[in-house]
$ cat run-v6.cif   # mmCIF, C-alpha atoms and all ligand atoms
data_run
#
loop_
_atom_site.label_atom_id
_atom_site.label_comp_id
_atom_site.auth_asym_id
_atom_site.auth_seq_id
_atom_site.Cartn_x
_atom_site.Cartn_y
_atom_site.Cartn_z
CA MET A 1336 0.00 0.00 0.00
CA LYS A 1337 1.35 3.41 -1.00
CA GLU A 1338 1.34 6.19 1.55
CA ILE A 1339 -1.18 8.91 0.83
CA VAL A 1340 0.27 12.39 0.46
CA LEU A 1341 -2.00 15.41 0.48
CA SER A 1342 -1.47 19.13 0.38
CA GLY A 1343 -3.20 22.29 -0.76
CA ILE A 1344 -2.65 25.99 -1.20
CA ARG A 1345 -5.29 28.63 -0.59
CA ALA A 1346 -6.59 30.43 -3.68
CA THR A 1347 -5.63 33.92 -2.58
CA GLY A 1348 -3.34 35.16 -5.37
CA ASN A 1349 -0.54 34.07 -7.66
CA LEU A 1350 2.17 31.75 -6.44
CA HIS A 1351 5.53 33.24 -5.49
CA LEU A 1352 9.01 31.81 -4.96
CA GLY A 1353 8.17 31.09 -1.31
CA ASN A 1354 5.26 28.89 -2.38
CA TYR A 1355 7.39 27.33 -5.10
CA TYR A 1356 10.40 26.35 -2.98
CA GLY A 1357 8.40 25.83 0.24
CA ALA A 1358 5.60 23.76 -1.25
CA LEU A 1359 5.14 23.28 -4.98
CA ARG A 1360 8.62 21.99 -5.89
CA ASN A 1361 8.23 19.43 -3.12
CA PHE A 1362 4.88 18.34 -4.58
CA VAL A 1363 6.48 17.76 -7.98
CA ARG A 1364 9.27 15.67 -6.48
CA MET A 1365 6.87 13.53 -4.47
CA GLN A 1366 4.82 12.91 -7.56
CA ASP A 1367 7.76 11.13 -9.15
CA ASP A 1368 8.39 8.88 -6.14
CA PRO A 1369 6.59 5.55 -6.51
CA ALA A 1370 6.26 5.27 -2.71
CA TYR A 1371 3.49 7.87 -2.69
CA ASP A 1372 -0.09 8.23 -3.81
CA ASN A 1373 -0.27 12.01 -4.23
CA MET A 1374 -3.20 14.39 -3.95
CA PHE A 1375 -2.86 18.15 -4.43
CA PHE A 1376 -5.72 20.59 -4.34
CA VAL A 1377 -6.63 24.26 -4.56
CA ALA A 1378 -8.21 25.37 -1.28
CA ASP A 1379 -11.01 27.64 -2.45
CA LEU A 1380 -13.25 27.15 0.61
CA HIS A 1381 -10.42 28.26 2.87
CA ALA A 1382 -10.03 31.38 0.74
CA LEU A 1383 -13.67 32.27 1.54
CA THR A 1384 -12.70 32.99 5.16
CA THR A 1385 -11.54 36.45 4.07
CA ASN A 1386 -14.65 37.15 1.95
CA PRO A 1387 -13.01 37.63 -1.46
CA ASP A 1388 -14.72 39.17 -4.47
CA PRO A 1389 -16.43 36.24 -6.28
CA GLU A 1390 -14.90 36.97 -9.71
CA GLN A 1391 -11.48 37.34 -8.13
CA LEU A 1392 -11.84 34.08 -6.24
CA HIS A 1393 -12.65 32.18 -9.39
CA ALA A 1394 -9.74 33.82 -11.23
CA ASN A 1395 -7.41 32.89 -8.36
CA VAL A 1396 -8.50 29.26 -8.39
CA LYS A 1397 -7.82 29.12 -12.12
CA ASN A 1398 -4.41 30.77 -11.68
CA ILE A 1399 -3.25 28.39 -9.00
CA LEU A 1400 -4.45 25.40 -10.93
CA ALA A 1401 -2.58 26.60 -14.04
CA GLU A 1402 0.50 27.25 -11.89
CA TYR A 1403 0.36 23.75 -10.40
CA LEU A 1404 0.25 22.22 -13.85
CA ALA A 1405 2.88 24.59 -15.26
CA ALA A 1406 5.30 23.73 -12.45
CA GLY A 1407 5.03 20.05 -13.34
CA LEU A 1408 2.08 18.54 -11.48
CA ASP A 1409 0.61 15.96 -13.79
CA PRO A 1410 -3.04 14.81 -13.62
CA GLU A 1411 -1.93 11.40 -14.92
CA LYS A 1412 0.38 10.91 -11.94
CA SER A 1413 -1.32 12.86 -9.12
CA THR A 1414 -4.87 13.54 -8.09
CA ILE A 1415 -5.27 17.27 -8.70
CA PHE A 1416 -8.54 18.79 -7.60
CA ILE A 1417 -10.47 21.79 -6.36
CA GLN A 1418 -11.51 21.58 -2.70
CA SER A 1419 -15.13 22.63 -3.35
CA ASP A 1420 -15.50 19.85 -5.95
CA VAL A 1421 -15.56 17.43 -3.03
CA PRO A 1422 -18.79 18.28 -1.16
CA GLU A 1423 -18.14 15.39 1.25
CA VAL A 1424 -15.54 17.69 2.83
CA SER A 1425 -18.24 20.17 3.84
CA GLU A 1426 -20.35 17.47 5.45
CA LEU A 1427 -17.50 15.94 7.43
CA TYR A 1428 -16.53 19.48 8.48
CA LEU A 1429 -19.94 19.80 10.15
CA LEU A 1430 -19.60 16.40 11.82
CA LEU A 1431 -16.03 16.89 13.04
CA ASN A 1432 -16.84 20.33 14.47
CA MET A 1433 -18.96 18.55 17.10
CA HIS A 1434 -15.69 17.33 18.63
CA VAL A 1435 -13.71 20.55 18.35
CA GLY A 1436 -13.44 23.07 21.19
CA ILE A 1437 -13.88 26.76 20.46
CA GLY A 1438 -11.16 27.44 23.04
CA GLU A 1439 -8.54 25.43 21.22
CA LEU A 1440 -9.49 27.11 17.95
CA MET A 1441 -9.28 30.57 19.51
CA ARG A 1442 -5.80 29.84 20.82
CA THR A 1443 -4.45 29.08 17.33
CA ALA A 1444 -1.80 31.62 16.33
CA SER A 1445 -3.14 32.08 12.79
CA PHE A 1446 -6.65 32.71 14.14
CA LYS A 1447 -5.46 35.36 16.59
CA ASP A 1448 -3.57 36.99 13.76
CA LYS A 1449 -6.47 37.06 11.35
CA ALA A 1450 -9.01 38.00 14.01
CA ARG A 1451 -6.87 40.97 14.96
CA LYS A 1452 -6.72 42.00 11.33
CA ALA A 1453 -10.50 41.68 10.96
CA LEU A 1454 -11.07 43.82 14.06
CA GLY A 1455 -8.33 46.31 13.21
CA ILE A 1456 -6.45 45.67 16.47
CA LYS A 1457 -2.75 46.46 16.38
CA SER A 1458 -1.56 45.19 19.75
CA ASP A 1459 -0.84 41.51 20.25
CA SER A 1460 -2.78 41.33 23.50
CA ASP A 1461 -3.87 37.85 24.42
CA ASP A 1462 -7.28 39.24 25.24
CA ILE A 1463 -8.49 38.65 21.74
CA GLU A 1464 -11.36 36.51 23.12
CA LYS A 1465 -12.73 39.50 25.02
CA GLU A 1466 -12.33 41.73 22.00
CA ILE A 1467 -14.27 39.30 19.84
CA ILE A 1468 -17.18 38.85 22.23
CA GLY A 1469 -17.32 42.51 23.14
CA THR A 1470 -16.93 43.95 19.68
CA ASP A 1471 -19.59 46.09 18.00
CA SER A 1472 -21.53 44.48 15.19
CA ASN A 1473 -19.99 46.18 12.17
CA LYS A 1474 -16.66 44.56 12.84
CA ARG A 1475 -16.88 40.83 13.11
CA VAL A 1476 -14.68 37.79 13.05
CA ASN A 1477 -16.54 35.24 10.98
CA ALA A 1478 -17.06 31.73 12.30
CA GLY A 1479 -15.36 30.28 9.22
CA LEU A 1480 -12.12 31.90 10.30
CA LEU A 1481 -12.43 30.28 13.71
CA THR A 1482 -13.09 26.83 12.26
CA TYR A 1483 -10.39 27.10 9.57
CA PRO A 1484 -8.36 24.35 11.33
CA THR A 1485 -11.37 21.99 11.37
CA LEU A 1486 -11.74 22.40 7.62
CA MET A 1487 -8.04 21.80 7.06
CA ALA A 1488 -8.13 18.73 9.32
CA VAL A 1489 -11.05 17.39 7.29
CA ASP A 1490 -9.20 17.94 3.98
CA ILE A 1491 -6.50 15.68 5.36
CA LEU A 1492 -8.51 13.15 7.36
CA ILE A 1493 -11.19 12.53 4.76
CA GLN A 1494 -8.47 11.25 2.41
CA LYS A 1495 -6.79 9.35 5.28
CA ALA A 1496 -3.53 11.06 4.33
CA HIS A 1497 -0.29 10.08 6.06
CA LYS A 1498 2.01 12.80 4.86
CA VAL A 1499 1.30 16.50 4.43
CA PRO A 1500 4.03 18.56 2.77
CA VAL A 1501 3.60 22.13 4.05
CA GLY A 1502 5.79 24.93 5.35
CA LYS A 1503 6.68 25.44 8.98
CA ASP A 1504 3.89 28.00 9.47
CA GLN A 1505 1.34 25.17 9.10
CA GLU A 1506 2.77 23.00 11.89
CA GLN A 1507 0.20 24.15 14.47
CA HIS A 1508 -2.66 23.27 12.13
CA LEU A 1509 -1.20 19.81 11.64
CA GLU A 1510 -0.84 19.35 15.38
CA LEU A 1511 -4.55 20.15 15.75
CA THR A 1512 -5.37 17.72 12.94
CA ARG A 1513 -3.59 14.93 14.83
CA ARG A 1514 -5.40 15.88 18.03
CA PHE A 1515 -8.82 15.83 16.34
CA ALA A 1516 -8.04 12.47 14.73
CA ARG A 1517 -7.00 10.96 18.07
CA ARG A 1518 -10.03 12.42 19.82
CA PHE A 1519 -12.49 11.07 17.27
CA ASN A 1520 -10.87 7.65 17.23
CA SER A 1521 -10.82 7.34 21.01
CA PHE A 1522 -14.32 8.81 21.59
CA TYR A 1523 -15.89 6.19 19.34
CA GLY A 1524 -13.33 3.45 20.01
CA VAL A 1525 -12.39 3.19 16.34
CA GLU A 1526 -9.30 3.58 14.19
CA LEU A 1527 -10.81 5.61 11.42
CA PHE A 1528 -8.26 8.38 10.98
CA PRO A 1529 -4.47 7.97 10.75
CA GLU A 1530 -2.40 10.73 12.36
CA PRO A 1531 -0.73 12.73 9.57
CA GLN A 1532 2.84 14.01 9.71
CA ASN A 1533 4.46 17.02 8.09
CA PHE A 1534 6.89 16.00 5.40
CA ASN A 1535 9.65 17.59 3.39
CA PHE A 1536 11.19 15.83 0.50
CA GLY A 1537 14.82 15.14 1.34
CA ALA A 1538 16.07 18.42 2.71
CA ASN A 1539 14.99 20.51 5.67
CA ALA A 1540 12.08 22.88 5.32
CA VAL A 1541 13.11 25.99 3.42
CA LYS A 1542 12.05 29.47 4.30
CA VAL A 1543 12.33 31.79 1.35
CA PRO A 1544 13.22 35.31 2.50
CA GLY A 1545 11.74 38.56 1.22
CA LEU A 1546 13.45 41.06 -1.09
CA ASP A 1547 12.87 43.86 1.41
CA GLY A 1548 15.32 42.54 3.99
CA SER A 1549 12.52 40.76 5.88
CA GLY A 1550 12.65 37.15 6.97
CA LYS A 1551 9.85 35.77 4.79
CA MET A 1552 8.55 36.20 1.29
CA GLY A 1553 4.76 36.41 1.56
CA LYS A 1554 1.75 37.64 -0.39
CA SER A 1555 0.64 40.01 2.33
CA GLU A 1556 4.18 41.31 2.78
CA GLY A 1557 4.32 42.73 -0.77
CA ASN A 1558 7.90 41.48 -1.20
CA CYS A 1559 7.35 38.66 -3.66
CA ILE A 1560 8.75 37.41 -6.91
CA TYR A 1561 5.89 35.64 -8.65
CA LEU A 1562 6.25 32.69 -11.00
CA ILE A 1563 4.17 34.71 -13.46
CA ASP A 1564 6.41 37.82 -13.33
CA ASP A 1565 7.77 38.78 -16.74
CA GLU A 1566 11.47 39.27 -17.36
CA LYS A 1567 11.48 43.03 -16.89
CA THR A 1568 9.46 42.90 -13.67
CA LEU A 1569 11.62 40.18 -12.16
CA ARG A 1570 14.87 41.96 -13.00
CA LYS A 1571 13.54 45.22 -11.57
CA LYS A 1572 12.48 43.53 -8.32
CA VAL A 1573 15.83 41.80 -7.86
CA MET A 1574 17.87 44.92 -8.66
CA ARG A 1575 15.84 46.85 -6.07
CA ALA A 1576 16.30 44.22 -3.35
CA VAL A 1577 17.51 45.76 -0.09
CA THR A 1578 21.25 45.35 0.66
CA ASP A 1579 23.64 47.45 2.78
CA GLU A 1580 26.64 49.73 2.22
CA GLY A 1581 28.95 46.74 1.64
CA PRO A 1582 31.68 45.03 3.67
CA LYS A 1583 34.45 47.30 4.97
CA THR A 1584 36.68 44.76 6.69
CA PRO A 1585 37.58 41.21 5.60
CA ASN A 1586 35.30 38.42 6.87
CA GLN A 1587 32.85 40.87 8.38
CA PRO A 1588 29.52 39.31 9.48
CA VAL A 1589 26.81 39.38 6.81
CA SER A 1590 23.75 41.56 7.43
CA GLN A 1591 20.25 40.04 7.31
CA SER A 1592 19.33 41.71 4.03
CA VAL A 1593 22.49 40.50 2.24
CA GLU A 1594 22.15 37.04 3.79
CA ASN A 1595 18.65 36.96 2.25
CA ILE A 1596 20.19 37.45 -1.20
CA PHE A 1597 22.65 34.63 -0.51
CA THR A 1598 19.77 32.39 0.58
CA LEU A 1599 17.97 33.08 -2.70
CA MET A 1600 21.22 32.37 -4.56
CA ASP A 1601 21.57 29.05 -2.75
CA LEU A 1602 18.18 28.12 -4.17
CA ALA A 1603 18.65 29.40 -7.70
CA CYS A 1604 22.37 29.48 -8.57
CA ALA A 1605 25.07 26.84 -9.01
CA PRO A 1606 27.18 26.25 -5.85
CA ASP A 1607 30.41 27.59 -7.40
CA VAL A 1608 28.62 30.80 -8.37
CA VAL A 1609 27.41 31.31 -4.80
CA LYS A 1610 30.90 30.55 -3.51
CA HIS A 1611 32.39 33.15 -5.84
CA TYR A 1612 30.16 35.85 -4.32
CA ARG A 1613 30.65 34.63 -0.75
CA ASP A 1614 34.43 34.83 -1.28
CA ALA A 1615 34.05 38.27 -2.83
CA TYR A 1616 32.09 39.36 0.23
CA ALA A 1617 34.78 37.98 2.54
CA ASP A 1618 37.60 39.88 0.79
CA CYS A 1619 35.45 43.03 0.35
CA SER A 1620 35.61 42.98 -3.47
CA ILE A 1621 31.92 42.20 -3.89
CA ARG A 1622 29.73 44.38 -6.09
CA TYR A 1623 26.09 43.92 -5.12
CA GLY A 1624 24.94 45.07 -8.55
CA ASP A 1625 26.79 42.16 -10.21
CA MET A 1626 25.53 39.72 -7.61
CA LYS A 1627 21.92 40.78 -8.18
CA LYS A 1628 22.32 40.59 -11.95
CA GLN A 1629 23.55 37.03 -11.56
CA LEU A 1630 20.67 36.16 -9.23
CA ALA A 1631 18.09 37.63 -11.64
CA GLU A 1632 19.65 35.69 -14.51
CA ASP A 1633 19.49 32.38 -12.67
CA LEU A 1634 16.01 32.96 -11.31
CA LEU A 1635 14.77 33.72 -14.81
CA LYS A 1636 16.10 30.36 -16.00
CA ILE A 1637 13.73 28.76 -13.51
CA THR A 1638 10.71 31.03 -13.69
CA LEU A 1639 10.50 31.98 -17.38
CA PRO A 1640 9.79 28.47 -18.68
CA ILE A 1641 7.15 28.08 -15.95
CA ARG A 1642 5.68 31.46 -16.90
CA GLU A 1643 5.43 30.42 -20.55
CA ARG A 1644 3.59 27.26 -19.56
CA ILE A 1645 1.27 29.15 -17.18
CA LEU A 1646 0.24 31.48 -20.01
CA ASP A 1647 -0.39 28.54 -22.33
CA ILE A 1648 -2.31 26.50 -19.80
CA GLN A 1649 -4.44 29.45 -18.65
CA ASN A 1650 -5.82 29.60 -22.17
CA ASP A 1651 -6.47 25.90 -22.38
CA ASP A 1652 -9.83 25.62 -20.64
CA ALA A 1653 -10.36 22.10 -21.94
CA TYR A 1654 -7.12 20.85 -20.36
CA LEU A 1655 -7.88 22.59 -17.05
CA ALA A 1656 -11.37 21.10 -16.98
CA ARG A 1657 -10.13 17.61 -17.81
CA ALA A 1658 -7.44 17.75 -15.13
CA VAL A 1659 -9.77 18.69 -12.29
CA LYS A 1660 -12.60 16.47 -13.44
CA ILE A 1661 -10.62 13.25 -13.11
CA GLY A 1662 -9.08 14.67 -9.92
CA ALA A 1663 -12.49 15.38 -8.41
CA GLU A 1664 -13.71 11.89 -9.27
CA ARG A 1665 -10.78 10.22 -7.53
CA ALA A 1666 -10.86 12.57 -4.54
CA ARG A 1667 -14.62 12.12 -4.12
CA GLU A 1668 -14.41 8.37 -4.22
CA ARG A 1669 -12.06 8.23 -1.25
CA ALA A 1670 -13.87 11.05 0.56
CA ALA A 1671 -17.28 9.42 0.15
CA ALA A 1672 -15.99 6.16 1.62
CA THR A 1673 -14.54 7.91 4.70
CA LEU A 1674 -17.66 10.05 5.16
CA ALA A 1675 -19.89 6.97 5.04
CA GLU A 1676 -17.76 5.34 7.73
CA ALA A 1677 -17.83 8.48 9.91
CA ARG A 1678 -21.64 8.81 9.62
CA GLU A 1679 -22.14 5.17 10.54
CA ILE A 1680 -19.73 5.45 13.49
CA MET A 1681 -21.50 8.57 14.79
CA GLY A 1682 -24.95 6.99 14.50
CA ILE A 1683 -26.27 8.89 11.49
CA ARG A 1684 -28.03 6.01 9.79
CA LYS A 1685 -30.71 5.78 7.15
CA PHE A 1686 -34.25 4.37 7.53
CA TYR A 1687 -34.70 3.67 3.85
P1 LIG B 1701 1.46 33.33 1.82
O1 LIG B 1701 2.29 33.34 3.09
O2 LIG B 1701 2.13 34.06 0.71
O3 LIG B 1701 0.04 33.77 2.03
P2 LIG B 1701 0.41 30.66 1.90
O4 LIG B 1701 0.16 30.85 3.35
O5 LIG B 1701 -0.78 30.58 0.99
O6 LIG B 1701 1.40 31.80 1.36
O7 LIG B 1701 1.31 29.37 1.72
C1 LIG B 1701 1.11 28.29 0.84
C2 LIG B 1701 2.25 27.29 1.02
O8 LIG B 1701 3.52 27.90 0.70
C3 LIG B 1701 2.39 26.78 2.46
O9 LIG B 1701 2.75 25.40 2.44
C4 LIG B 1701 3.51 27.62 3.03
O10 LIG B 1701 4.19 26.97 4.08
C5 LIG B 1701 4.41 27.83 1.81
N1 LIG B 1701 5.14 29.11 1.90
C6 LIG B 1701 4.61 30.36 1.82
N2 LIG B 1701 5.57 31.32 1.93
C7 LIG B 1701 6.75 30.67 2.07
C8 LIG B 1701 8.12 31.10 2.22
N3 LIG B 1701 8.46 32.39 2.22
N4 LIG B 1701 9.08 30.15 2.35
C9 LIG B 1701 8.75 28.81 2.34
N5 LIG B 1701 7.48 28.35 2.20
C10 LIG B 1701 6.48 29.24 2.07
N1 LIG B 1702 -3.81 26.10 5.51
C1 LIG B 1702 -2.96 25.84 4.36
C2 LIG B 1702 -2.17 27.14 4.03
O1 LIG B 1702 -2.55 28.21 4.43
C3 LIG B 1702 -3.77 25.42 3.15
C4 LIG B 1702 -4.47 24.12 3.38
C5 LIG B 1702 -5.81 23.93 3.53
C6 LIG B 1702 -3.87 22.84 3.48
N2 LIG B 1702 -6.12 22.62 3.70
C7 LIG B 1702 -4.94 21.92 3.69
C8 LIG B 1702 -2.56 22.38 3.41
C9 LIG B 1702 -4.70 20.55 3.83
C10 LIG B 1702 -2.32 21.01 3.55
C11 LIG B 1702 -3.39 20.09 3.76
O2 LIG B 1702 -1.17 27.07 3.34
#
$ encode --input "run-v6.cif" --output "C-alpha cells"
Amino acid sequence: MKEIVLSGIRATGNLHLGNYYGALRNFVRMQDDPAYDNMFFVADLHALTTNPDPEQLHANVKNILAEYLAAGLDPEKSTIFIQSDVPEVSELYLLLNMHVGIGELMRTASFKDKARKALGIKSDSDDIEKEIIGTDSNKRVNAGLLTYPTLMAVDILIQKAHKVPVGKDQEQHLELTRRFARRFNSFYGVELFPEPQNFNFGANAVKVPGLDGSGKMGKSEGNCIYLIDDEKTLRKKVMRAVTDEGPKTPNQPVSQSVENIFTLMDLACAPDVVKHYRDAYADCSIRYGDMKKQLAEDLLKITLPIRERILDIQNDDAYLARAVKIGAERARERAAATLAEAREIMGIRKFY
C-alpha cells in the first residue's frame, strides 16, 4: 500500500518563490516517487474565510491550478482537484466540528492573527477573546475563520492522508489535525483516521526570505517574486532588493538583508557561483549590482519556462477542466468512503 500524500494551497493570489520552494517543488518531487499516492488541491473554501470578491476568487482558483500544472504537477500521476469539488468535505466538516473546542481554535496563532486584522487591532494582547465577544456588530470575526483548522483537518482526514508537505507555518494546524483524529478515534473506540505528519522531500524545510530585507517572502508582505512575473518585472524587483553599504573589513559578518540574497542564490544558482560571491564578500571585493544581476539571470532560467507554460495552460480551458474532473472523481471516491464510515460510526443512519 502506498502512503497517501495530500497538500493544498489557498486560492488567494498568484504563487511566489516562497510557495514554489516551500511547497510546490516538493509536490512535484513527491509525484515522481513511486512510494506515494499524491493528492494536491486548490483550497477555495479556505479562501472564503476572508470574503473575497467572487470573480477574483474564481480567477485565483484558475491561476493556482494553471500554476500547479505549469510547475510540473501531472493529472496522470497525481490527483489534482479543487476543494469545493468534493462536497463530502463540507459534510465531514460539520460532523467533526462537534468534537472541536472553540477554546482550542481561539488559541491558534493564525486565528489570533487574522481575528486581529479583521477587528483592526494592532496590539498583540492575548485578550483577543474579550475583543471578539465585546466587539460592535460592524466589525466581526466570521465563524469560518475560527473553524479554519477543522476544515483543514477534514481535507487531510477525509483522504486518510499520512504525509502532508507544508511549510513550517502550518505546523500548528497539523498538530490540531492529529489531536482531532485521536479524539475522534478514542471517543468512538475506532481507528478511522491515521495521524498525519508534516513532510519535506529530502532536505529541511526551506524558508524563502523577502526582497525587502525581511525574513519571509509572503503575499501580504508585498515582497514577492511571482512565477508569473515577466522578465522586466523580475529583473527590476531583484535589482531593487535591499542590501547594505557593503563590507568594509575582511570576513565581516553578513547583514540580514544580504544574507537573504545569498539564501535566494543558494536556491537558484550553481554552488560555485554562490561561492564566488561569498568569497568576494569575505575579501570586500563584492559588487552587489553584479551579484543581483547574476541572481536575476538564474532565477529567470527557472521562472520563465514556468511562466510560458502558465500562459499557455491558462488559455487551455479544456485541459484545465479535464485535469480537475478526473481529480475530483478520484478525490470524491475516497472522501465518500470515509464520510460513510464516519456517519455510521456517529450513528447517522438511514431508515430507507
Ligand atoms: P502566503 O504566506 O504568501 O500567504 P500561503 O500561506 O498561501 O502563502 O502558503 C502556501 C504554502 O507555501 C504553504 O505550504 C507555506 O508553508 C508555503 N510558503 C509560503 N511562503 C513561504 C516562504 N516564504 N518560504 C517557504 N514556504 C512558504
Ligand atoms: N492552511 C494551508 C495554508 O494556508 C492550506 C491548506 C488547507 C492545506 N487545507 C490543507 C494544506 C490541507 C495542507 C493540507 O497554506
$ closest_residue --input "run-v6.cif" --among "A:Phe1522, A:Tyr1371, A:Tyr1616, A:Phe1376" --to "ligand LIG 1701 (chain B)" --atoms "all atoms listed in the file"
A:Phe1376
$ residues_around --input "run-v6.cif" --residues "segment 1362-1370 of chain A" --least-positions-apart "3" --cutoff "10 Å" --atoms "all atoms listed in the file" --output "PDB file with C-alpha atoms, in the coordinates of the input"
ATOM      1  CA  MET A1336       0.000   0.000   0.000  1.00  0.00           C
ATOM      2  CA  LYS A1337       1.350   3.410  -1.000  1.00  0.00           C
ATOM      3  CA  GLU A1338       1.340   6.190   1.550  1.00  0.00           C
ATOM      4  CA  ILE A1339      -1.180   8.910   0.830  1.00  0.00           C
ATOM      5  CA  VAL A1340       0.270  12.390   0.460  1.00  0.00           C
ATOM      6  CA  LEU A1341      -2.000  15.410   0.480  1.00  0.00           C
ATOM      7  CA  SER A1342      -1.470  19.130   0.380  1.00  0.00           C
ATOM      8  CA  GLY A1343      -3.200  22.290  -0.760  1.00  0.00           C
ATOM      9  CA  TYR A1355       7.390  27.330  -5.100  1.00  0.00           C
ATOM     10  CA  TYR A1356      10.400  26.350  -2.980  1.00  0.00           C
ATOM     11  CA  GLY A1357       8.400  25.830   0.240  1.00  0.00           C
ATOM     12  CA  ALA A1358       5.600  23.760  -1.250  1.00  0.00           C
ATOM     13  CA  LEU A1359       5.140  23.280  -4.980  1.00  0.00           C
ATOM     14  CA  ASN A1373      -0.270  12.010  -4.230  1.00  0.00           C
ATOM     15  CA  MET A1374      -3.200  14.390  -3.950  1.00  0.00           C
ATOM     16  CA  PHE A1375      -2.860  18.150  -4.430  1.00  0.00           C
ATOM     17  CA  TYR A1403       0.360  23.750 -10.400  1.00  0.00           C
ATOM     18  CA  LEU A1404       0.250  22.220 -13.850  1.00  0.00           C
ATOM     19  CA  ALA A1406       5.300  23.730 -12.450  1.00  0.00           C
ATOM     20  CA  GLY A1407       5.030  20.050 -13.340  1.00  0.00           C
ATOM     21  CA  LEU A1408       2.080  18.540 -11.480  1.00  0.00           C
ATOM     22  CA  ASP A1409       0.610  15.960 -13.790  1.00  0.00           C
ATOM     23  CA  LYS A1412       0.380  10.910 -11.940  1.00  0.00           C
ATOM     24  CA  SER A1413      -1.320  12.860  -9.120  1.00  0.00           C
ATOM     25  CA  THR A1414      -4.870  13.540  -8.090  1.00  0.00           C
ATOM     26  CA  VAL A1499       1.300  16.500   4.430  1.00  0.00           C
ATOM     27  CA  PRO A1500       4.030  18.560   2.770  1.00  0.00           C
ATOM     28  CA  VAL A1501       3.600  22.130   4.050  1.00  0.00           C
ATOM     29  CA  ASN A1535       9.650  17.590   3.390  1.00  0.00           C
ATOM     30  CA  PHE A1536      11.190  15.830   0.500  1.00  0.00           C
ATOM     31  CA  GLY A1537      14.820  15.140   1.340  1.00  0.00           C
TER      32      GLY A1537
END
$ closest_residue --input "run-v6.cif" --among "A:Asn1595, A:Lys1571, A:Glu1580, A:Lys1636" --to "Arg1622 of chain A" --atoms "only C-alpha atoms"
A:Glu1580
$ residues_near_ligand --input "run-v6.cif" --ligand "ligand LIG 1701 (chain B)" --cutoff "8 Å" --atoms "all atoms listed in the file" --output "PyMOL selection string"
chain A and resi 1342-1347+1350-1359+1500-1505+1540-1545+1550-1556
$ residues_around --input "run-v6.cif" --residues "Ile1637 of chain A" --least-positions-apart "3" --cutoff "10 Å" --atoms "all atoms listed in the file" --output "number ranges by chain"
A: 1406, 1562, 1603-1604, 1632-1634, 1640-1642
$ residues_around --input "run-v6.cif" --residues "Ile1417 of chain A" --least-positions-apart "4" --cutoff "7 Å" --atoms "all atoms listed in the file" --output "ChimeraX atom specification"
/A:1376-1378,1659
$ closest_residue --input "run-v6.cif" --among "A:Thr1638, A:Pro1582, A:Pro1588, A:Ile1415" --to "Asp1618 of chain A" --atoms "only C-alpha atoms"
A:Pro1582
$ atom_distance --input "run-v6.cif" --atom1 "atom CA of Val1525 of chain A" --atom2 "atom CA of Lys1495 of chain A"
13.8 Å
$ residues_around --input "run-v6.cif" --residues "Pro1410 of chain A" --least-positions-apart "6" --cutoff "8 Å" --atoms "all atoms listed in the file" --output "VMD selection string"
chain A and resid 1658 to 1659 1661 to 1662
$ closest_residue --input "run-v6.cif" --among "A:Asn1432, A:Asn1477, A:Thr1482, A:Gln1587" --to "ligand LIG 1702 (chain B)" --atoms "only C-alpha atoms and all ligand atoms"
A:Thr1482
$ closest_residue --input "run-v6.cif" --among "A:Ala1615, A:Ser1425, A:Ala1631, A:Asp1547" --to "Met1600 of chain A" --atoms "only C-alpha atoms"
A:Ala1631
$ atom_distance --input "run-v6.cif" --atom1 "atom CA of Thr1384 of chain A" --atom2 "atom CA of Ala1453 of chain A"
10.7 Å
$ residues_near_point --input "run-v6.cif" --point "(21.6, 37.7, -11.2)" --cutoff "12 Å" --atoms "all atoms listed in the file" --output "mmCIF file with C-alpha atoms, in the coordinates of the input"
data_model
loop_
_atom_site.group_PDB
_atom_site.id
_atom_site.type_symbol
_atom_site.label_atom_id
_atom_site.label_comp_id
_atom_site.auth_asym_id
_atom_site.auth_seq_id
_atom_site.Cartn_x
_atom_site.Cartn_y
_atom_site.Cartn_z
ATOM 1 C CA GLU A 1566 11.470 39.270 -17.360
ATOM 2 C CA LEU A 1569 11.620 40.180 -12.160
ATOM 3 C CA ARG A 1570 14.870 41.960 -13.000
ATOM 4 C CA LYS A 1571 13.540 45.220 -11.570
ATOM 5 C CA LYS A 1572 12.480 43.530 -8.320
ATOM 6 C CA VAL A 1573 15.830 41.800 -7.860
ATOM 7 C CA MET A 1574 17.870 44.920 -8.660
ATOM 8 C CA ARG A 1575 15.840 46.850 -6.070
ATOM 9 C CA ALA A 1576 16.300 44.220 -3.350
ATOM 10 C CA ILE A 1596 20.190 37.450 -1.200
ATOM 11 C CA PHE A 1597 22.650 34.630 -0.510
ATOM 12 C CA LEU A 1599 17.970 33.080 -2.700
ATOM 13 C CA MET A 1600 21.220 32.370 -4.560
ATOM 14 C CA ALA A 1603 18.650 29.400 -7.700
ATOM 15 C CA CYS A 1604 22.370 29.480 -8.570
ATOM 16 C CA ALA A 1605 25.070 26.840 -9.010
ATOM 17 C CA VAL A 1608 28.620 30.800 -8.370
ATOM 18 C CA VAL A 1609 27.410 31.310 -4.800
ATOM 19 C CA TYR A 1612 30.160 35.850 -4.320
ATOM 20 C CA ARG A 1622 29.730 44.380 -6.090
ATOM 21 C CA TYR A 1623 26.090 43.920 -5.120
ATOM 22 C CA GLY A 1624 24.940 45.070 -8.550
ATOM 23 C CA ASP A 1625 26.790 42.160 -10.210
ATOM 24 C CA MET A 1626 25.530 39.720 -7.610
ATOM 25 C CA LYS A 1627 21.920 40.780 -8.180
ATOM 26 C CA LYS A 1628 22.320 40.590 -11.950
ATOM 27 C CA GLN A 1629 23.550 37.030 -11.560
ATOM 28 C CA LEU A 1630 20.670 36.160 -9.230
ATOM 29 C CA ALA A 1631 18.090 37.630 -11.640
ATOM 30 C CA GLU A 1632 19.650 35.690 -14.510
ATOM 31 C CA ASP A 1633 19.490 32.380 -12.670
ATOM 32 C CA LEU A 1634 16.010 32.960 -11.310
ATOM 33 C CA LEU A 1635 14.770 33.720 -14.810
ATOM 34 C CA LYS A 1636 16.100 30.360 -16.000
#
$ closest_residue --input "run-v6.cif" --among "A:Ser1458, A:Thr1568, A:Thr1485, A:Asn1398" --to "ligand LIG 1702 (chain B)" --atoms "only C-alpha atoms and all ligand atoms"
A:Thr1485
$ atom_distance --input "run-v6.cif" --atom1 "atom C1 of ligand LIG 1702 (chain B)" --atom2 "atom CA of Ala1450 of chain A"
16.7 Å
